[in-house]
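File shown here: my_file31.txt, holding compact mmCIF, C-alpha atoms (C1' of nucleotides).
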```txt
# COMPACT_ATOMS: atom_id res chain seq x y z
CA MET J 387 -26.81 -85.77 -82.65
CA THR J 388 -29.96 -87.75 -82.70
CA ASP J 389 -32.62 -85.19 -83.06
CA SER J 390 -35.52 -85.28 -80.72
CA ASN J 391 -36.90 -82.21 -82.33
CA PRO J 392 -40.60 -82.67 -83.00
CA THR J 393 -40.46 -80.44 -86.02
CA ALA J 394 -37.65 -82.20 -87.75
CA SER J 395 -39.37 -85.28 -88.99
CA LEU J 396 -42.25 -85.19 -91.31
CA SER J 397 -43.25 -87.92 -93.64
CA ALA J 398 -43.56 -87.72 -97.38
CA PRO J 399 -41.02 -88.23 -100.13
CA SER J 400 -38.16 -88.22 -97.71
CA ILE J 401 -37.77 -87.76 -94.06
CA HIS J 402 -35.11 -86.50 -91.79
CA GLY J 403 -32.04 -87.16 -93.81
CA ASP J 404 -33.25 -85.60 -97.02
CA ALA J 405 -29.92 -86.14 -98.72
CA LEU J 406 -27.99 -83.26 -100.14
CA PRO J 407 -29.19 -82.39 -103.61
CA PRO J 408 -26.70 -82.68 -106.46
CA VAL J 409 -24.35 -79.73 -106.53
CA GLU J 410 -25.82 -78.07 -109.63
CA GLN J 411 -29.35 -78.20 -108.29
CA HIS J 412 -28.26 -76.94 -104.91
CA ALA J 413 -26.34 -74.11 -106.49
CA GLN J 414 -29.38 -73.25 -108.55
CA GLN J 415 -31.48 -72.90 -105.42
CA TYR J 416 -29.16 -70.38 -103.85
CA ALA J 417 -28.62 -68.53 -107.09
CA THR J 418 -32.36 -68.13 -107.52
CA VAL J 419 -32.70 -66.68 -104.05
CA ARG J 420 -29.80 -64.29 -104.60
CA ASN J 421 -31.37 -63.20 -107.80
CA ALA J 422 -34.72 -62.58 -106.17
CA HIS J 423 -33.03 -60.39 -103.62
CA GLU J 424 -31.76 -58.10 -106.29
CA THR J 425 -35.18 -57.27 -107.65
CA GLU J 426 -37.07 -57.54 -104.41
CA LEU J 427 -36.56 -54.05 -103.10
CA ILE J 428 -37.18 -52.54 -106.49
CA GLU J 429 -40.46 -54.37 -106.73
CA ASP J 430 -41.44 -53.30 -103.25
CA TYR J 431 -40.89 -49.66 -104.12
CA VAL J 432 -42.75 -49.91 -107.37
CA GLU J 433 -45.61 -51.79 -105.77
CA LEU J 434 -45.87 -49.23 -102.97
CA ILE J 435 -45.74 -46.32 -105.38
CA GLY J 436 -48.53 -47.92 -107.37
CA ASP J 437 -50.59 -48.41 -104.24
CA LEU J 438 -50.07 -44.83 -103.16
CA LEU J 439 -51.09 -43.56 -106.57
CA THR J 440 -54.19 -45.74 -106.51
CA HIS J 441 -55.28 -45.01 -102.99
CA ARG J 442 -54.00 -41.50 -102.45
CA GLY J 443 -53.72 -40.08 -105.92
CA GLU J 444 -50.08 -39.20 -105.45
CA ALA J 445 -46.84 -40.79 -104.30
CA ARG J 446 -44.52 -38.57 -102.34
CA ALA J 447 -41.08 -39.50 -101.11
CA ALA J 448 -42.06 -38.66 -97.55
CA ASP J 449 -44.94 -41.15 -97.60
CA ILE J 450 -42.73 -43.86 -98.98
CA ALA J 451 -40.15 -43.13 -96.31
CA SER J 452 -42.60 -43.40 -93.45
CA ARG J 453 -44.38 -46.46 -94.82
CA MET J 454 -41.08 -48.22 -95.34
CA ALA J 455 -39.62 -46.95 -92.08
CA VAL J 456 -36.58 -45.66 -93.87
CA SER J 457 -34.97 -42.22 -94.12
CA GLN J 458 -35.99 -39.79 -96.81
CA ALA J 459 -32.45 -39.75 -98.07
CA THR J 460 -32.65 -43.47 -98.70
CA VAL J 461 -35.85 -43.03 -100.64
CA SER J 462 -34.38 -40.21 -102.67
CA LYS J 463 -31.43 -42.32 -103.66
CA MET J 464 -33.69 -45.21 -104.56
CA ILE J 465 -35.88 -43.02 -106.71
CA ARG J 466 -32.84 -42.08 -108.74
CA ARG J 467 -32.27 -45.77 -109.34
CA LEU J 468 -35.88 -46.36 -110.32
CA ASN J 469 -35.54 -43.47 -112.72
CA GLU J 470 -32.46 -44.96 -114.31
CA LEU J 471 -34.32 -48.23 -114.66
CA GLU J 472 -37.13 -46.29 -116.31
CA LEU J 473 -39.70 -47.56 -113.89
CA VAL J 474 -40.78 -44.16 -112.62
CA THR J 475 -40.78 -40.60 -113.89
CA SER J 476 -40.15 -37.76 -111.50
CA LYS J 477 -39.63 -34.07 -111.62
CA PRO J 478 -37.65 -32.80 -108.65
CA TYR J 479 -39.84 -31.92 -105.65
CA ARG J 480 -42.91 -33.36 -107.32
CA SER J 481 -44.97 -36.52 -107.00
CA LEU J 482 -43.77 -39.67 -108.68
CA PHE J 483 -45.45 -41.52 -111.47
CA LEU J 484 -44.97 -44.95 -112.92
CA THR J 485 -43.88 -45.55 -116.48
CA GLU J 486 -45.55 -48.25 -118.57
CA ALA J 487 -42.97 -50.72 -117.39
CA GLY J 488 -43.41 -49.56 -113.82
CA GLN J 489 -47.17 -50.00 -113.98
CA LYS J 490 -46.79 -53.46 -115.34
CA MET J 491 -44.38 -54.38 -112.58
CA ALA J 492 -46.66 -52.86 -109.95
CA GLU J 493 -49.62 -54.84 -111.20
CA ILE J 494 -47.75 -58.10 -111.21
CA SER J 495 -46.33 -57.49 -107.76
CA ARG J 496 -49.69 -56.47 -106.40
CA ALA J 497 -51.39 -59.53 -107.83
CA ARG J 498 -48.72 -61.82 -106.48
CA HIS J 499 -48.86 -60.16 -103.09
CA ASP J 500 -52.62 -60.54 -102.91
CA ILE J 501 -52.54 -64.18 -103.86
CA VAL J 502 -50.03 -64.97 -101.15
CA LEU J 503 -51.83 -62.87 -98.58
CA ASN J 504 -55.22 -64.39 -99.29
CA PHE J 505 -53.75 -67.84 -99.32
CA LEU J 506 -52.28 -67.34 -95.86
CA ARG J 507 -55.54 -65.94 -94.54
CA THR J 508 -57.38 -68.90 -95.97
CA LEU J 509 -54.98 -71.24 -94.26
CA GLY J 510 -56.00 -69.62 -91.00
CA VAL J 511 -53.08 -67.30 -90.34
CA ARG J 512 -54.01 -64.18 -88.38
CA ASP J 513 -54.32 -61.10 -90.52
CA SER J 514 -51.44 -59.12 -89.07
CA THR J 515 -49.13 -62.13 -89.28
CA ALA J 516 -50.28 -62.93 -92.78
CA ARG J 517 -49.42 -59.42 -93.92
CA ILE J 518 -45.90 -59.63 -92.56
CA ASP J 519 -45.28 -63.10 -93.95
CA ALA J 520 -46.74 -62.20 -97.33
CA GLU J 521 -44.45 -59.22 -97.60
CA GLY J 522 -41.43 -61.43 -97.13
CA MET J 523 -42.64 -64.44 -99.08
CA GLU J 524 -44.05 -62.85 -102.18
CA HIS J 525 -40.75 -62.51 -103.99
CA HIS J 526 -39.82 -66.13 -103.47
CA VAL J 527 -42.92 -67.88 -104.67
CA SER J 528 -42.67 -69.35 -108.15
CA ASP J 529 -45.46 -69.04 -110.67
CA GLU J 530 -46.18 -72.70 -110.26
CA THR J 531 -46.69 -72.38 -106.53
CA LEU J 532 -48.59 -69.16 -106.96
CA ALA J 533 -51.10 -70.88 -109.22
CA ILE J 534 -51.56 -73.64 -106.69
CA MET J 535 -52.08 -71.13 -103.91
CA GLN J 536 -54.68 -69.32 -105.90
CA ARG J 537 -56.56 -72.48 -106.74
CA PHE J 538 -56.47 -73.53 -103.11
CA THR J 539 -57.87 -70.22 -101.95
CA GLU J 540 -60.69 -70.33 -104.46
CA GLN J 541 -61.65 -73.86 -103.56
CA GLN J 542 -61.74 -73.13 -99.85
CA GLN J 543 -63.72 -69.99 -100.43
CA SER J 544 -66.45 -71.81 -102.28
CA ASN J 545 -67.06 -74.15 -99.38
CA MET H 1021 -52.96 -30.59 -101.46
CA THR H 1022 -53.82 -32.87 -98.61
CA ASP H 1023 -56.71 -34.48 -100.34
CA SER H 1024 -58.16 -37.68 -99.16
CA ASN H 1025 -59.13 -38.90 -102.54
CA PRO H 1026 -62.49 -40.46 -103.27
CA THR H 1027 -62.43 -44.08 -104.16
CA ALA H 1028 -61.87 -43.56 -107.85
CA SER H 1029 -59.41 -46.33 -108.39
CA LEU H 1030 -59.19 -47.22 -112.02
CA SER H 1031 -60.23 -50.79 -112.45
CA ALA H 1032 -59.74 -54.35 -111.27
CA PRO H 1033 -62.09 -53.60 -108.43
CA SER H 1034 -62.43 -56.87 -106.61
CA ILE H 1035 -58.78 -57.73 -106.63
CA HIS H 1036 -57.88 -54.37 -105.21
CA GLY H 1037 -60.04 -54.84 -102.18
CA ASP H 1038 -57.34 -54.03 -99.70
CA ALA H 1039 -56.80 -50.48 -98.61
CA LEU H 1040 -53.40 -49.35 -97.47
CA PRO H 1041 -52.65 -50.52 -93.96
CA PRO H 1042 -52.04 -47.89 -91.28
CA VAL H 1043 -48.56 -46.44 -91.52
CA GLU H 1044 -47.14 -48.14 -88.42
CA GLN H 1045 -48.34 -51.55 -89.47
CA HIS H 1046 -47.07 -51.06 -92.97
CA ALA H 1047 -43.69 -49.93 -91.67
CA GLN H 1048 -43.57 -52.97 -89.42
CA GLN H 1049 -44.01 -55.27 -92.41
CA TYR H 1050 -41.07 -53.83 -94.27
CA ALA H 1051 -38.90 -53.62 -91.18
CA THR H 1052 -39.50 -57.29 -90.46
CA VAL H 1053 -38.44 -58.24 -93.97
CA ARG H 1054 -35.30 -56.09 -93.77
CA ASN H 1055 -34.47 -57.70 -90.51
CA ALA H 1056 -34.90 -61.19 -91.91
CA HIS H 1057 -32.52 -60.33 -94.71
CA GLU H 1058 -29.77 -59.59 -92.25
CA THR H 1059 -29.80 -63.04 -90.70
CA GLU H 1060 -30.82 -64.95 -93.78
CA LEU H 1061 -27.42 -65.54 -95.31
CA ILE H 1062 -25.89 -66.40 -91.99
CA GLU H 1063 -28.55 -69.01 -91.42
CA ASP H 1064 -28.07 -70.41 -94.89
CA TYR H 1065 -24.37 -70.89 -94.28
CA VAL H 1066 -24.89 -72.46 -90.89
CA GLU H 1067 -27.60 -74.72 -92.21
CA LEU H 1068 -25.44 -75.83 -95.11
CA ILE H 1069 -22.43 -76.44 -92.89
CA GLY H 1070 -24.61 -78.55 -90.64
CA ASP H 1071 -25.89 -80.52 -93.60
CA LEU H 1072 -22.39 -81.10 -94.91
CA LEU H 1073 -21.22 -82.30 -91.51
CA THR H 1074 -24.17 -84.63 -91.24
CA HIS H 1075 -24.02 -86.06 -94.73
CA ARG H 1076 -20.35 -85.84 -95.54
CA GLY H 1077 -18.66 -85.82 -92.19
CA GLU H 1078 -16.85 -82.60 -92.94
CA ALA H 1079 -17.53 -79.12 -94.22
CA ARG H 1080 -14.87 -77.61 -96.44
CA ALA H 1081 -14.91 -74.11 -97.83
CA ALA H 1082 -14.62 -75.45 -101.35
CA ASP H 1083 -17.82 -77.47 -100.97
CA ILE H 1084 -19.69 -74.52 -99.60
CA ALA H 1085 -18.45 -72.40 -102.47
CA SER H 1086 -19.60 -74.80 -105.14
CA ARG H 1087 -22.93 -75.58 -103.49
CA MET H 1088 -23.67 -71.89 -103.10
CA ALA H 1089 -22.26 -71.00 -106.50
CA VAL H 1090 -20.04 -68.38 -104.99
CA SER H 1091 -16.28 -67.80 -105.03
CA GLN H 1092 -14.02 -69.32 -102.43
CA ALA H 1093 -12.94 -65.85 -101.40
CA THR H 1094 -16.51 -65.00 -100.54
CA VAL H 1095 -16.83 -68.12 -98.44
CA SER H 1096 -13.57 -67.44 -96.68
CA LYS H 1097 -14.69 -63.98 -95.75
CA MET H 1098 -18.01 -65.27 -94.53
CA ILE H 1099 -16.37 -67.89 -92.38
CA ARG H 1100 -14.46 -65.16 -90.62
CA ARG H 1101 -17.77 -63.53 -89.83
CA LEU H 1102 -19.30 -66.77 -88.60
CA ASN H 1103 -16.27 -67.17 -86.38
CA GLU H 1104 -16.70 -63.72 -84.92
CA LEU H 1105 -20.34 -64.53 -84.27
CA GLU H 1106 -19.15 -67.72 -82.56
CA LEU H 1107 -21.27 -69.93 -84.73
CA VAL H 1108 -18.42 -71.99 -86.14
CA THR H 1109 -14.93 -72.96 -85.09
CA SER H 1110 -12.25 -73.28 -87.69
CA LYS H 1111 -8.56 -73.85 -87.89
CA PRO H 1112 -7.01 -72.59 -91.11
CA TYR H 1113 -7.00 -75.19 -93.89
CA ARG H 1114 -9.16 -77.52 -91.85
CA SER H 1115 -12.78 -78.55 -91.89
CA LEU H 1116 -15.29 -76.34 -90.13
CA PHE H 1117 -17.32 -77.26 -87.11
CA LEU H 1118 -20.35 -75.73 -85.51
CA THR H 1119 -20.35 -74.35 -81.99
CA GLU H 1120 -23.24 -75.07 -79.65
CA ALA H 1121 -24.96 -71.94 -80.85
CA GLY H 1122 -24.24 -72.88 -84.44
CA GLN H 1123 -25.72 -76.33 -83.98
CA LYS H 1124 -28.81 -74.89 -82.45
CA MET H 1125 -29.21 -72.46 -85.32
CA ALA H 1126 -28.62 -75.21 -87.87
CA GLU H 1127 -31.27 -77.41 -86.29
CA ILE H 1128 -33.84 -74.67 -86.21
CA SER H 1129 -33.12 -73.67 -89.79
CA ARG H 1130 -33.21 -77.23 -90.97
CA ALA H 1131 -36.52 -77.89 -89.23
CA ARG H 1132 -38.05 -74.75 -90.65
CA HIS H 1133 -36.75 -75.56 -94.09
CA ASP H 1134 -38.20 -79.06 -93.95
CA ILE H 1135 -41.59 -77.89 -92.80
CA VAL H 1136 -41.85 -75.42 -95.64
CA LEU H 1137 -40.54 -77.90 -98.18
CA ASN H 1138 -42.88 -80.67 -97.14
CA PHE H 1139 -45.78 -78.27 -97.01
CA LEU H 1140 -45.16 -77.23 -100.58
CA ARG H 1141 -44.84 -80.81 -101.72
CA THR H 1142 -48.06 -81.67 -99.97
CA LEU H 1143 -49.78 -78.80 -101.72
CA GLY H 1144 -48.78 -80.43 -104.98
CA VAL H 1145 -45.79 -78.34 -106.00
CA ARG H 1146 -43.22 -80.23 -108.05
CA ASP H 1147 -40.17 -81.26 -106.09
CA SER H 1148 -37.60 -79.16 -107.89
CA THR H 1149 -39.80 -76.08 -107.67
CA ALA H 1150 -40.60 -76.74 -104.05
CA ARG H 1151 -36.92 -76.85 -103.22
CA ILE H 1152 -36.25 -73.50 -104.80
CA ASP H 1153 -39.28 -71.84 -103.26
CA ALA H 1154 -38.56 -73.29 -99.85
CA GLU H 1155 -35.05 -71.94 -99.94
CA GLY H 1156 -36.36 -68.45 -100.51
CA MET H 1157 -39.43 -68.63 -98.29
CA GLU H 1158 -38.07 -70.26 -95.18
CA HIS H 1159 -36.68 -67.10 -93.65
CA HIS H 1160 -39.91 -65.21 -94.04
CA VAL H 1161 -42.37 -67.62 -92.50
CA SER H 1162 -43.44 -66.75 -88.97
CA ASP H 1163 -43.72 -69.37 -86.25
CA GLU H 1164 -47.46 -69.02 -86.40
CA THR H 1165 -47.59 -69.83 -90.09
CA LEU H 1166 -45.02 -72.54 -89.69
CA ALA H 1167 -47.18 -74.31 -87.15
CA ILE H 1168 -50.14 -74.11 -89.47
CA MET H 1169 -48.11 -75.47 -92.35
CA GLN H 1170 -46.96 -78.38 -90.27
CA ARG H 1171 -50.44 -79.21 -89.10
CA PHE H 1172 -51.72 -79.01 -92.64
CA THR H 1173 -49.05 -81.38 -93.90
CA GLU H 1174 -49.75 -83.90 -91.17
CA GLN H 1175 -53.46 -83.86 -91.78
CA GLN H 1176 -53.12 -84.35 -95.50
CA GLN H 1177 -50.65 -87.12 -95.00
CA SER H 1178 -53.01 -89.07 -92.78
CA ASN H 1179 -55.75 -89.04 -95.39
C1' DC C 387 -45.20 -11.27 -98.90
C1' DA C 388 -41.88 -12.89 -95.66
C1' DA C 389 -40.94 -16.25 -92.39
C1' DA C 390 -41.65 -20.71 -90.77
C1' DT C 391 -42.50 -25.44 -91.75
C1' DA C 392 -42.49 -29.35 -94.54
C1' DG C 393 -40.54 -31.90 -98.11
C1' DT C 394 -36.56 -33.14 -101.17
C1' DT C 395 -31.96 -33.64 -102.52
C1' DT C 396 -26.97 -34.03 -102.02
C1' DA C 397 -22.71 -35.23 -99.79
C1' DG C 398 -20.29 -38.29 -97.31
C1' DC C 399 -19.99 -42.16 -94.35
C1' DC C 400 -20.70 -47.34 -93.09
C1' DT C 401 -21.56 -52.39 -93.76
C1' DT C 402 -22.54 -56.43 -96.44
C1' DA C 403 -21.75 -59.48 -99.99
C1' DG C 404 -20.14 -60.21 -104.21
C1' DC C 405 -15.87 -60.40 -107.47
C1' DT C 406 -10.64 -61.24 -109.31
C1' DA C 407 -5.87 -61.80 -108.70
C1' DA C 408 -1.98 -63.06 -106.19
C1' DC C 409 -0.12 -65.73 -102.73
C1' DA C 410 0.22 -69.58 -99.10
C1' DA C 411 -0.64 -74.09 -97.30
C1' DT C 412 -1.79 -78.79 -97.94
C1' DG C 413 -2.12 -83.11 -100.30
C1' DT C 414 -1.00 -86.24 -104.15
C1' DT C 415 1.81 -88.70 -107.00
C1' DG C 416 5.49 -89.75 -110.53
C1' DC Q 717 10.81 -85.86 -102.27
C1' DA Q 718 9.88 -82.45 -105.66
C1' DA Q 719 6.47 -80.82 -108.60
C1' DC Q 720 1.83 -80.18 -109.39
C1' DA Q 721 -2.99 -79.73 -108.18
C1' DT Q 722 -6.20 -78.45 -104.94
C1' DT Q 723 -7.72 -75.72 -101.36
C1' DG Q 724 -7.68 -71.59 -98.48
C1' DT Q 725 -6.49 -66.74 -97.49
C1' DT Q 726 -5.62 -61.91 -98.28
C1' DA Q 727 -5.87 -57.53 -100.59
C1' DG Q 728 -8.37 -54.51 -103.02
C1' DC Q 729 -12.24 -53.42 -105.99
C1' DT Q 730 -17.57 -52.74 -106.79
C1' DA Q 731 -22.50 -51.96 -105.87
C1' DA Q 732 -26.47 -51.84 -102.92
C1' DG Q 733 -28.82 -50.09 -99.24
C1' DG Q 734 -28.74 -48.11 -95.00
C1' DC Q 735 -27.62 -43.68 -92.12
C1' DT Q 736 -26.94 -38.30 -90.60
C1' DA Q 737 -26.21 -33.60 -91.58
C1' DA Q 738 -26.63 -29.80 -94.42
C1' DA Q 739 -28.52 -27.37 -98.30
C1' DC Q 740 -32.15 -26.37 -101.14
C1' DT Q 741 -37.26 -25.92 -102.79
C1' DA Q 742 -42.12 -25.53 -102.05
C1' DT Q 743 -46.11 -24.61 -99.37
C1' DT Q 744 -48.54 -22.61 -95.68
C1' DT Q 745 -49.53 -19.06 -92.76
C1' DG Q 746 -49.06 -14.77 -89.79
```

Will you turn the file into C-alpha cells for me?
Amino acid sequence: MTDSNPTASLSAPSIHGDALPPVEQHAQQYATVRNAHETELIEDYVELIGDLLTHRGEARAADIASRMAVSQATVSKMIRRLNELELVTSKPYRSLFLTEAGQKMAEISRARHDIVLNFLRTLGVRDSTARIDAEGMEHHVSDETLAIMQRFTEQQQSN
Amino acid sequence: MTDSNPTASLSAPSIHGDALPPVEQHAQQYATVRNAHETELIEDYVELIGDLLTHRGEARAADIASRMAVSQATVSKMIRRLNELELVTSKPYRSLFLTEAGQKMAEISRARHDIVLNFLRTLGVRDSTARIDAEGMEHHVSDETLAIMQRFTEQQQSN
DNA sequence: CAAATAGTTTAGCCTTAGCTAACAATGTTG
DNA sequence: CAACATTGTTAGCTAAGGCTAAACTATTTG
C-alpha cells in the first residue's frame, strides 16, 4: 500500500508513518473527544439560548427547534435536562432564561465560537463554510490552540 | 409579542458583532455537525484499524479497546457494525482486515488527520495538545478549509 | 368570547454507544 | 496435555438524542 496520495505526506516533525502514540496518550486523545461530545450539545443549546435572548429578547422552544432543525419534542426534552443541570430556568409555556451558570457557559461558548470563526475567516475560508466548520470545531479546540488562533487573527488584522 | 427588538444588547459590543444567521443557514450548520457525529466514530475505528495494520501488522480487538479506552465488549459490538457496513472483514478470534471501502476510508481519514495535525503544529501548538485537538477537529473540517490548512503548512515550512 | 392557530409538553418508540458479567475460544507453558 | 491466562463474544442493562402522535395551553382573531 504505497500511498500516492498527495495529501498524505507533509513535512515537519514526522511524516507519513507518524508512529502510533503510546497507548496511554492515544487513549487520552479518544477519551477527551468522547468527553467533549457529552457537553457539546448542552453548550450549543445554552449558546443559542443566550444568542436568542440577546438578539431577540426571548428564547422560545419553537425558535430553538427551527434553528437547530430538530423537532419541538426534542427541544422540550432537552430543556428539561438543562433545567436539571440548573443552566436555564423555565416556566411551562413561557420563554426560557439562563441562570448564572448558564450565562457564564453561554459567554464562554460564544467567545470560543467567535475566535474560531474569525480565525477561519482570516485564513481565507469562505464565510458560509467558516460558519459550518466553526460550529463543529469549537468544542474540540483547546485553550492553548484558542489563544494561538486569537493571536493569529489579531496579527493578520493589523496588517 | 412578535417584537423585533431594538439593538439593546447588554455589553461586550465589539465581540458580539455577529447577528443571528438566517434560520435556514443556522439550521444547516447544526445539521452538518449532527451528520458528522454519525460517521465520526466509524471513521475513528477504521482509521485506527488501518494504523494498527500498518504499524503492527495486525489489528486485534484488544488493542483497539485499550487504545480507545473502551471495553472489549464495546469494540466487539462495533466490529459487527463495521462488518455490516462492509468496511472490515473478520473471522471470529482473528485479526481484522479492511475491505476496499475500508481502506479508502482509512486513507482519507488518515490524510485529513495529518493535515490538521501538521497545521496545528505549524501554528505553534504543542505536540501533545495538537494531537488531542486534531482528533476532535478532523471530522469537522470541510474540504475547503482542509485545502487552506495544507497550503498554509506548506508555505510556512518553506520559509 | 369562542374558535382557530400556534406553541409546548408528554408518551412511547428507535438507535447508538457505553457498561458489566458470564461464557467460549485460543494460546501458553509447567 | 491440562491448566491457566488472554482474548473475544453474547446477553442484558443504561443514557442520550432523535422521531411521531396526541394532548394540553396560550394567543390571536372573527

Chain Q residues near region 397-406 of chain C within 12 Å, closest pair each, using all atoms listed in the file, as JSON lines:
```
{"residue": "Q:DA727", "atom": "C1'", "partner": "C:DT406", "partner_atom": "C1'", "distance": 10.6}
{"residue": "Q:DG728", "atom": "C1'", "partner": "C:DT406", "partner_atom": "C1'", "distance": 9.5}
{"residue": "Q:DC729", "atom": "C1'", "partner": "C:DC405", "partner_atom": "C1'", "distance": 8.0}
{"residue": "Q:DT730", "atom": "C1'", "partner": "C:DC405", "partner_atom": "C1'", "distance": 7.9}
{"residue": "Q:DA731", "atom": "C1'", "partner": "C:DG404", "partner_atom": "C1'", "distance": 8.7}
{"residue": "Q:DA732", "atom": "C1'", "partner": "C:DT402", "partner_atom": "C1'", "distance": 8.9}
{"residue": "Q:DG733", "atom": "C1'", "partner": "C:DT402", "partner_atom": "C1'", "distance": 9.4}
{"residue": "Q:DG734", "atom": "C1'", "partner": "C:DC400", "partner_atom": "C1'", "distance": 8.3}
{"residue": "Q:DC735", "atom": "C1'", "partner": "C:DC400", "partner_atom": "C1'", "distance": 7.9}
{"residue": "Q:DT736", "atom": "C1'", "partner": "C:DC399", "partner_atom": "C1'", "distance": 8.8}
{"residue": "Q:DA737", "atom": "C1'", "partner": "C:DA397", "partner_atom": "C1'", "distance": 9.1}
{"residue": "Q:DA738", "atom": "C1'", "partner": "C:DA397", "partner_atom": "C1'", "distance": 8.6}
{"residue": "Q:DA739", "atom": "C1'", "partner": "C:DA397", "partner_atom": "C1'", "distance": 9.9}
```

Taking all atoms listed in the file into account and nothing else, which residues of chain H lie no more than 6 Å away from chain J? Please answer as an MDAnalysis selection string. chainID H and resid 1025 1029 1043 1046:1047 1049:1050 1053 1087:1089 1131 1152:1153 1156:1157 1160:1161

Okay, now the selection with C-alpha atoms, as a short mmCIF file (atom, residue, chain, number, x, y, z; two decimals), keeping the file's coordinate frame?
```
data_model
loop_
_atom_site.label_atom_id
_atom_site.label_comp_id
_atom_site.auth_asym_id
_atom_site.auth_seq_id
_atom_site.Cartn_x
_atom_site.Cartn_y
_atom_site.Cartn_z
CA ASN H 1025 -59.13 -38.90 -102.54
CA SER H 1029 -59.41 -46.33 -108.39
CA VAL H 1043 -48.56 -46.44 -91.52
CA HIS H 1046 -47.07 -51.06 -92.97
CA ALA H 1047 -43.69 -49.93 -91.67
CA GLN H 1049 -44.01 -55.27 -92.41
CA TYR H 1050 -41.07 -53.83 -94.27
CA VAL H 1053 -38.44 -58.24 -93.97
CA ARG H 1087 -22.93 -75.58 -103.49
CA MET H 1088 -23.67 -71.89 -103.10
CA ALA H 1089 -22.26 -71.00 -106.50
CA ALA H 1131 -36.52 -77.89 -89.23
CA ILE H 1152 -36.25 -73.50 -104.80
CA ASP H 1153 -39.28 -71.84 -103.26
CA GLY H 1156 -36.36 -68.45 -100.51
CA MET H 1157 -39.43 -68.63 -98.29
CA HIS H 1160 -39.91 -65.21 -94.04
CA VAL H 1161 -42.37 -67.62 -92.50
#
```

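The gap separating CA of Glu472 (chain J) from CA of Thr485 (chain J) is 6.8 Å, in Å to one decimal.
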
For CA of Arg1132 (chain H) and CA of Arg1101 (chain H), determine how far apart the two atoms are, in Å to one decimal place. 23.2 Å

Any chance you could tabulate, as a tab-separated table, the residues of chain H at most 12 Å from chain C with each one's nearest atom pair and distance in Å to one decimal, using only C-alpha atoms (C1' of nucleotides), in chain and rising number order?
```
residue	atom	partner	partner_atom	distance
H:His1057	CA	C:DT402	C1'	10.9
H:Glu1058	CA	C:DT402	C1'	8.9
H:Thr1059	CA	C:DT402	C1'	11.4
H:Leu1061	CA	C:DA403	C1'	9.5
H:Ile1062	CA	C:DA403	C1'	11.4
H:Ala1089	CA	C:DG404	C1'	11.2
H:Val1090	CA	C:DG404	C1'	8.2
H:Ser1091	CA	C:DC405	C1'	7.8
H:Gln1092	CA	C:DC405	C1'	10.4
H:Ala1093	CA	C:DC405	C1'	8.7
H:Thr1094	CA	C:DG404	C1'	7.0
H:Val1095	CA	C:DA403	C1'	10.1
H:Ser1096	CA	C:DA403	C1'	11.9
H:Lys1097	CA	C:DA403	C1'	9.4
H:Met1098	CA	C:DA403	C1'	8.8
H:Arg1101	CA	C:DT402	C1'	10.8
H:Pro1112	CA	C:DA411	C1'	9.0
H:Tyr1113	CA	C:DA411	C1'	7.3
H:Arg1114	CA	C:DT412	C1'	9.6
```

Skip Gln536 (chain J) itself and residues of its chain fewer than 6 positions away, then list as number ranges by chain all residues within 9 Å of it, counting all atoms listed in the file. J: 501-502, 504-505

Have a look at CA of Ala487 (chain J) and CA of Ile465 (chain J) and let me know their distance in Å, one decimal.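 Between CA of Ala487 (chain J) and CA of Ile465 (chain J) the gap is 15.0 Å.
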
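Checking Q:DG746, Q:DT723, Q:DC740, Q:DA718 one by one against chain H, counting only C-alpha atoms (C1' of nucleotides), you find the shortest gap at Q:DT723.
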
At a cut-off of 9 Å, list the chain Q residues touching chain H, using all atoms listed in the file, as a list in words. DT723, DG724, DT725 and DT726 of chain Q
